[in-house]
$ cat entry_4.txt   # compact mmCIF, C-alpha atoms
# COMPACT_ATOMS: atom_id res chain seq x y z
CA MET A 1 14.90 226.32 35.61
CA SER A 2 13.86 229.92 36.13
CA ILE A 3 15.32 233.40 35.84
CA TYR A 4 15.92 233.29 39.60
CA ASP A 5 18.20 230.23 39.57
CA ASP A 6 21.83 230.88 40.49
CA PHE A 7 24.34 230.60 37.63
CA PHE A 8 26.87 228.84 39.83
CA ASP A 9 24.35 226.46 41.41
CA LEU A 10 23.42 225.37 37.89
CA GLY A 11 27.02 224.41 37.17
CA GLY A 12 28.41 227.73 35.98
CA HIS A 13 32.17 228.13 36.25
CA SER A 14 34.87 230.62 35.27
CA LEU A 15 35.05 229.64 31.59
CA LEU A 16 31.27 229.87 31.19
CA ALA A 17 31.29 233.18 33.09
CA THR A 18 33.82 234.59 30.63
CA GLN A 19 31.71 233.41 27.70
CA LEU A 20 28.57 234.91 29.23
CA ILE A 21 30.27 238.27 29.73
CA ALA A 22 31.55 238.24 26.13
CA GLN A 23 28.07 237.45 24.81
CA ALA A 24 26.53 240.26 26.88
CA LEU A 25 29.02 242.68 25.34
CA GLN A 26 28.26 241.43 21.83
CA LEU A 27 24.47 241.39 22.23
CA PHE A 28 23.85 244.43 24.41
CA GLN A 29 27.06 246.50 23.96
CA ILE A 30 27.31 246.47 27.75
CA GLU A 31 30.46 245.59 29.65
CA LEU A 32 29.77 243.28 32.56
CA THR A 33 32.45 241.94 34.87
CA VAL A 34 32.91 238.70 36.73
CA ILE A 35 32.14 240.71 39.87
CA ASP A 36 28.74 241.59 38.35
CA LEU A 37 28.08 237.90 37.87
CA PHE A 38 29.03 237.09 41.46
CA ASP A 39 26.89 239.95 42.77
CA ALA A 40 23.93 239.13 40.53
CA PRO A 41 24.22 235.45 39.55
CA THR A 42 20.69 235.10 38.15
CA VAL A 43 19.17 236.06 34.82
CA ALA A 44 16.86 238.42 36.71
CA GLY A 45 19.79 240.09 38.49
CA LEU A 46 21.95 240.39 35.40
CA SER A 47 19.07 241.83 33.39
CA GLU A 48 18.71 244.58 36.01
CA ARG A 49 22.43 245.34 35.70
CA ILE A 50 22.20 245.47 31.92
CA ILE A 51 19.22 247.84 32.07
CA GLN A 52 21.01 250.07 34.60
CA ARG A 53 24.10 250.23 32.38
CA GLN A 54 22.03 250.97 29.29
CA LEU A 55 20.24 253.80 31.07
CA SER A 56 23.48 255.30 32.35
CA LYS A 57 25.38 254.80 29.09
CA PRO A 58 26.88 258.09 27.84
CA LEU A 59 25.80 259.44 24.49
CA SER A 60 27.82 258.28 21.52
CA LYS A 61 29.99 260.87 19.76
CA SER A 62 27.56 261.05 16.86
CA ASP A 63 24.75 261.98 19.29
CA SER A 64 26.83 264.44 21.23
CA LYS A 65 27.20 268.16 20.57
CA ILE A 66 30.72 268.02 22.05
CA PRO A 67 33.47 268.35 19.41
CA ASP A 68 35.69 265.33 18.89
CA THR A 69 39.05 265.96 20.56
CA GLU A 70 40.34 262.40 20.42
CA ASP A 71 42.84 263.09 17.63
CA GLU A 72 44.37 266.14 19.30
CA GLU A 73 47.72 265.70 20.93
CA ARG A 74 47.71 265.99 24.68
CA GLU A 75 50.52 267.20 26.84
CA GLU A 76 51.55 264.85 29.60
CA ILE A 77 52.26 266.42 32.96
CA ALA A 78 54.76 264.79 35.30
CA ILE A 79 53.51 264.40 38.84

$ encode --input "entry_4.txt" --output "structure tokens"
Amino acid sequence: MSIYDDFFDLGGHSLLATQLIAQALQLFQIELTVIDLFDAPTVAGLSERIIQRQLSKPLSKSDSKIPDTEDEEREEIAI
């Protein structure tokens, strides 16, 4: 087995895919989707996706200079 072997060719299925996505979220704090797994079904491909997501991840609120407005009430506008 290598990092270039296809997840699905190795016997991966929907339940394992869901578990893999949940573990990626827990370990790397990165949200992957089943589509990501279909598009990049190898360890090498998924690692590239994880790195891309980590690099493009927005700053956390504690790192940001932007004031927290989450608790403010917002007016809904009917369209």

$ closest_residue --input "entry_4.txt" --among "A:Leu55, A:Ala78, A:Val34, A:Ala40" --to "A:His13" --atoms "only C-alpha atoms"
A:Val34

$ atom_distance --input "entry_4.txt" --atom1 "atom CA of A:Arg53" --atom2 "atom CA of A:Ile35"
14.5 Å

$ residues_around --input "entry_4.txt" --residues "stretch 15-20 of chain A" --least-positions-apart "3" --cutoff "12 Å" --atoms "all atoms listed in the file" --output "NGL selection string"
:A and (7-8 or 10-12 or 23-28 or 30-38 or 41-43 or 46)

$ write_last_selection --input "entry_4.txt" --atoms "C-alpha atoms" --output "compact mmCIF listing (two decimals), keeping the file's coordinate frame"
# COMPACT_ATOMS: atom_id res chain seq x y z
CA PHE A 7 24.34 230.60 37.63
CA PHE A 8 26.87 228.84 39.83
CA LEU A 10 23.42 225.37 37.89
CA GLY A 11 27.02 224.41 37.17
CA GLY A 12 28.41 227.73 35.98
CA GLN A 23 28.07 237.45 24.81
CA ALA A 24 26.53 240.26 26.88
CA LEU A 25 29.02 242.68 25.34
CA GLN A 26 28.26 241.43 21.83
CA LEU A 27 24.47 241.39 22.23
CA PHE A 28 23.85 244.43 24.41
CA ILE A 30 27.31 246.47 27.75
CA GLU A 31 30.46 245.59 29.65
CA LEU A 32 29.77 243.28 32.56
CA THR A 33 32.45 241.94 34.87
CA VAL A 34 32.91 238.70 36.73
CA ILE A 35 32.14 240.71 39.87
CA ASP A 36 28.74 241.59 38.35
CA LEU A 37 28.08 237.90 37.87
CA PHE A 38 29.03 237.09 41.46
CA PRO A 41 24.22 235.45 39.55
CA THR A 42 20.69 235.10 38.15
CA VAL A 43 19.17 236.06 34.82
CA LEU A 46 21.95 240.39 35.40

$ atom_distance --input "entry_4.txt" --atom1 "atom CA of A:Ala22" --atom2 "atom CA of A:Tyr4"
21.2 Å

$ atom_distance --input "entry_4.txt" --atom1 "atom CA of A:Pro58" --atom2 "atom CA of A:Gly45"
22.1 Å

$ decode --input "entry_4.txt" --residues "stretch 9-54 of chain A" --atoms "C-alpha atoms" --output "PDB file, in the first residue's frame"
ATOM      1  CA  ASP A   9      -9.976   0.482  -4.806  1.00  0.00           C
ATOM      2  CA  LEU A  10      -8.739  -0.576  -1.369  1.00  0.00           C
ATOM      3  CA  GLY A  11     -12.296  -1.351  -0.263  1.00  0.00           C
ATOM      4  CA  GLY A  12     -13.391   2.059   0.971  1.00  0.00           C
ATOM      5  CA  HIS A  13     -17.145   2.642   1.077  1.00  0.00           C
ATOM      6  CA  SER A  14     -19.607   5.281   2.264  1.00  0.00           C
ATOM      7  CA  LEU A  15     -19.450   4.387   5.966  1.00  0.00           C
ATOM      8  CA  LEU A  16     -15.643   4.443   5.973  1.00  0.00           C
ATOM      9  CA  ALA A  17     -15.705   7.703   3.998  1.00  0.00           C
ATOM     10  CA  THR A  18     -17.897   9.290   6.664  1.00  0.00           C
ATOM     11  CA  GLN A  19     -15.554   8.068   9.400  1.00  0.00           C
ATOM     12  CA  LEU A  20     -12.520   9.381   7.521  1.00  0.00           C
ATOM     13  CA  ILE A  21     -14.112  12.812   7.108  1.00  0.00           C
ATOM     14  CA  ALA A  22     -15.013  12.919  10.821  1.00  0.00           C
ATOM     15  CA  GLN A  23     -11.448  11.990  11.790  1.00  0.00           C
ATOM     16  CA  ALA A  24     -10.007  14.672   9.506  1.00  0.00           C
ATOM     17  CA  LEU A  25     -12.208  17.246  11.231  1.00  0.00           C
ATOM     18  CA  GLN A  26     -11.150  16.036  14.668  1.00  0.00           C
ATOM     19  CA  LEU A  27      -7.421  15.799  13.892  1.00  0.00           C
ATOM     20  CA  PHE A  28      -6.892  18.761  11.576  1.00  0.00           C
ATOM     21  CA  GLN A  29      -9.936  20.995  12.304  1.00  0.00           C
ATOM     22  CA  ILE A  30     -10.577  20.898   8.554  1.00  0.00           C
ATOM     23  CA  GLU A  31     -13.944  20.133   7.013  1.00  0.00           C
ATOM     24  CA  LEU A  32     -13.669  17.725   4.111  1.00  0.00           C
ATOM     25  CA  THR A  33     -16.637  16.476   2.125  1.00  0.00           C
ATOM     26  CA  VAL A  34     -17.428  13.218   0.405  1.00  0.00           C
ATOM     27  CA  ILE A  35     -16.895  15.120  -2.853  1.00  0.00           C
ATOM     28  CA  ASP A  36     -13.323  15.870  -1.714  1.00  0.00           C
ATOM     29  CA  LEU A  37     -12.789  12.164  -1.205  1.00  0.00           C
ATOM     30  CA  PHE A  38     -14.145  11.321  -4.656  1.00  0.00           C
ATOM     31  CA  ASP A  39     -12.021  14.049  -6.253  1.00  0.00           C
ATOM     32  CA  ALA A  40      -8.880  13.134  -4.301  1.00  0.00           C
ATOM     33  CA  PRO A  41      -9.242   9.495  -3.202  1.00  0.00           C
ATOM     34  CA  THR A  42      -5.606   8.995  -2.166  1.00  0.00           C
ATOM     35  CA  VAL A  43      -3.707   9.952   0.971  1.00  0.00           C
ATOM     36  CA  ALA A  44      -1.494  12.155  -1.208  1.00  0.00           C
ATOM     37  CA  GLY A  45      -4.510  13.930  -2.725  1.00  0.00           C
ATOM     38  CA  LEU A  46      -6.322  14.405   0.564  1.00  0.00           C
ATOM     39  CA  SER A  47      -3.189  15.742   2.225  1.00  0.00           C
ATOM     40  CA  GLU A  48      -2.977  18.415  -0.487  1.00  0.00           C
ATOM     41  CA  ARG A  49      -6.611  19.357   0.179  1.00  0.00           C
ATOM     42  CA  ILE A  50      -5.982  19.559   3.915  1.00  0.00           C
ATOM     43  CA  ILE A  51      -2.929  21.778   3.402  1.00  0.00           C
ATOM     44  CA  GLN A  52      -4.862  24.040   1.010  1.00  0.00           C
ATOM     45  CA  ARG A  53      -7.698  24.391   3.526  1.00  0.00           C
ATOM     46  CA  GLN A  54      -5.285  25.101   6.372  1.00  0.00           C
TER      47      GLN A  54
END
